[in-house]
Protein chains: 2
Amino acid sequence: MTVIPRSHPRYRSLVVRAGLAEQMQRGLVVPEGLMAHGRGEAFDYLLGERTSPSAARAERAAAAKLLLAKHPVLSVNGNVAALASREVASVARAIPHLQVEVNLFHRTPRRAELVAGELRAAGVKTVLGVRPTARLRGLASDRSWVDPRGILRADVVLVPLEDGDRAGALVQAGKFVIAVDLNPLSRTAKVAQLPLVDELTRALTRVRREALRLRKEERRTLEKVADAVSGPELRREALRTIQERLLRLSKARA
Amino acid sequence: MTVIPRSHPRYRSLVVRAGLAEQMQRGLVVPEGLMAHGRGEAFDYLLGERTSPSAARAERAAAAKLLLAKHPVLSVNGNVAALASREVASVARAIPHLQVEVNLFHRTPRRAELVAGELRAAGVKTVLGVRPTARLRGLASDRSWVDPRGILRADVVLVPLEDGDRAGALVQAGKFVIAVDLNPLSRTAKVAQLPLVDELTRALTRVRREALRLRKEERRTLEKVADAVSGPELRREALRTIQERLLRLSKARA
């Protein structure tokens, strides 16, 4: 493996990239996942690589919504397992009735096992979706599989790094979809009722922290917090954050 | 292989991605190249996936500069070979004294052979840099290799999709560097004397067309065309293009 010097201006990015490349060699991550990560990186760079005030409000609302849910599920694909298994486990601990489900766009039994293994190693006790038997409508058969104990009966689903078609199928199935997507213009961010336009580990860390804070609040308080944001407004504010940063960068360095 | 429906809104992107993933399985493209492609895709999306007027002027200037050069070289890495071997061959035909050199950040003899094979299959007659024996200063040894008949003695180098450190080392070595980079804020775009902020195949197609048009012009005319643009101005205009598009998109769809 290449040694990455700590002094490199993009040290953290390079370490994450090397980790993803390794996880692709293992079969956890697919080639398409590497390209998707690159797209996310570009948007995160434009967002300033930090949680914007509007994303922070969205993450607080997400925590409230997950606490209010009857059957909340956190959906995990290869990139999510590679990038944030520890954060997934922490969110699952903070929201006791939250279920964690493997959900793969490019599904093979081996990949499902790899994702589940990664999650268990990080401390997730129960992993659903390894051998799913139910299906979501409106999707090609190989990408429609869901667990009847998990996403099939879920009312609120947290889906990080999800494809637009699948996020749309979840909404069609009557779920409240909380997406994590760095591109405020993506189909996923548009179709989700609550898009978190933020980097995955930052988003999950903050959802967990807010859940721990909100856990003892009354339902009425939680409902107020959950209703305090709207998808279109969150996406508009993310675009504004990018615009302002571009303006600053073009003045500072051009 | 997955069949991609022609009706998909991102059909072209998906075909290109599938091709790159395949070329990675062959060893031509490295995992890091897939992530870099994803970053480029995000910026191209923000640029509207077309050549901006300022990029068109930059590509015209690039053609003039290459025609004026004594020893112009087009540097080719794995992603360039996978994405645009045909366009590289066309540029080489349009600028008869242009040399094509394999230039790998992650170099192995096998990858160098794969890149050269891809270029030859596309019609490039002579491929330099397969077994390079000279070095550029200021780079870690494995990434410093250049061909003494090519980049080492070149005065103008066209380097698409290049790393910032290597682009910088070329400038340090006294070369005039024409970069192709979709990110106007990248180190490569900043360090190059002439950054083409455009997608690779569009940029090379236009450089070739302009070279055919300008081929019979006098040196003085070519010099005027080459001097009509400046790097900082081109990057500023690319940022402006992105800003305007974001503004339009945030109004239209939010």
# chains A, B, ... in the order shown; residues from 1 in each chain; ligands from 1

$ select_by_dssp --residues "stretch 1-220 of chain A" --states "strand (DSSP E)" --output "count of residues only"
28

$ interface_residues --of "chain A" --to "chain B" --cutoff "9 Å" --atoms "only C-alpha atoms" --output "PDB file with C-alpha atoms, in the first residue's frame"
ATOM      1  CA  ARG A  17      -9.921   6.900  -0.868  1.00  0.00           C
ATOM      2  CA  ALA A  18      -7.247   4.290  -0.116  1.00  0.00           C
ATOM      3  CA  LEU A  20     -12.422   2.479  -0.323  1.00  0.00           C
ATOM      4  CA  ALA A  21     -10.056   1.094  -2.974  1.00  0.00           C
ATOM      5  CA  GLU A  22      -9.065  -1.642  -0.542  1.00  0.00           C
ATOM      6  CA  MET A  24     -13.345  -2.732  -3.474  1.00  0.00           C
ATOM      7  CA  VAL A  30     -18.291  -1.926  -6.240  1.00  0.00           C
ATOM      8  CA  PRO A  31     -16.503   0.158  -8.924  1.00  0.00           C
ATOM      9  CA  GLU A  32     -19.626   2.306  -9.333  1.00  0.00           C
ATOM     10  CA  GLY A  33     -19.327   3.075  -5.606  1.00  0.00           C
ATOM     11  CA  LEU A  34     -15.872   4.568  -6.130  1.00  0.00           C
ATOM     12  CA  MET A  35     -17.178   6.907  -8.828  1.00  0.00           C
ATOM     13  CA  ALA A  36     -20.136   7.877  -6.653  1.00  0.00           C
ATOM     14  CA  HIS A  37     -17.709   8.682  -3.856  1.00  0.00           C
ATOM     15  CA  GLY A  38     -15.774  10.953  -6.218  1.00  0.00           C
ATOM     16  CA  ARG A  39     -18.950  12.846  -7.100  1.00  0.00           C
ATOM     17  CA  GLY A  40     -19.732  13.250  -3.415  1.00  0.00           C
ATOM     18  CA  GLU A  41     -16.215  14.488  -2.700  1.00  0.00           C
ATOM     19  CA  ALA A  42     -16.569  17.226  -5.306  1.00  0.00           C
ATOM     20  CA  PHE A  43     -19.818  18.464  -3.769  1.00  0.00           C
ATOM     21  CA  ASN A 183     -25.555  16.690  -4.198  1.00  0.00           C
ATOM     22  CA  LEU A 185     -29.577  18.545  -7.179  1.00  0.00           C
ATOM     23  CA  LYS A 190     -35.254  15.834  -4.529  1.00  0.00           C
ATOM     24  CA  GLY A 231     -36.922  19.546   1.662  1.00  0.00           C
ATOM     25  CA  PRO A 232     -37.070  22.259  -1.008  1.00  0.00           C
ATOM     26  CA  GLU A 233     -35.858  24.851   1.475  1.00  0.00           C
ATOM     27  CA  ARG A 235     -31.866  22.068  -0.983  1.00  0.00           C
ATOM     28  CA  ARG A 236     -32.123  25.758  -1.785  1.00  0.00           C
ATOM     29  CA  LEU A 239     -27.173  25.592  -3.233  1.00  0.00           C
ATOM     30  CA  ARG A 240     -26.796  28.981  -1.610  1.00  0.00           C
ATOM     31  CA  ILE A 242     -22.144  26.428  -2.560  1.00  0.00           C
ATOM     32  CA  GLN A 243     -22.735  29.699  -4.395  1.00  0.00           C
ATOM     33  CA  GLU A 244     -21.353  31.759  -1.550  1.00  0.00           C
ATOM     34  CA  LEU A 246     -17.628  29.751  -5.023  1.00  0.00           C
ATOM     35  CA  LEU A 247     -17.915  33.511  -4.869  1.00  0.00           C
ATOM     36  CA  LEU A 249     -13.019  31.241  -3.662  1.00  0.00           C
ATOM     37  CA  SER A 250     -13.146  33.042  -6.995  1.00  0.00           C
ATOM     38  CA  LYS A 251     -12.276  36.310  -5.298  1.00  0.00           C
ATOM     39  CA  ARG A 253      -7.604  32.769  -5.408  1.00  0.00           C
ATOM     40  CA  ALA A 254      -8.287  33.681  -8.987  1.00  0.00           C
TER      41      ALA A 254
END

$ select_by_dssp --residues "stretch 2-242 of chain A" --states "helix (DSSP H, G or I)" --output "count of residues only"
133

$ closest_residue --among "A:Arg208, A:Ser7, A:Leu114, A:Ser75" --to "A:Leu152" --atoms "only C-alpha atoms"
A:Ser75

$ residues_around --residues "B:Val91" --least-positions-apart "4" --cutoff "9 Å" --atoms "only C-alpha atoms" --output "PyMOL selection string"
chain B and resi 74+86-87+95-96+98+204-205+207-209+211

$ atom_distance --atom1 "atom CA of A:Val73" --atom2 "atom CA of A:Glu101"
6.9 Å

$ residues_around --residues "B:Ala167" --least-positions-apart "5" --cutoff "8 Å" --atoms "only C-alpha atoms" --output "PyMOL selection string"
chain B and resi 159+162+177+179+188+191-192

$ residues_around --residues "A:Arg153" --least-positions-apart "3" --cutoff "12 Å" --atoms "only C-alpha atoms" --output "list of chain:residue names"
A:Ala69, A:Lys70, A:His71, A:Pro72, A:Val73, A:Gln99, A:Ala134, A:Arg135, A:Leu136, A:Val146, A:Asp147, A:Pro148, A:Arg149, A:Gly150, A:Val156, A:Val157, A:Leu170, A:Ala173, A:Gly174, A:Lys175, A:Phe176

$ atom_distance --atom1 "atom CA of B:Ala61" --atom2 "atom CA of B:Val225"
5.4 Å
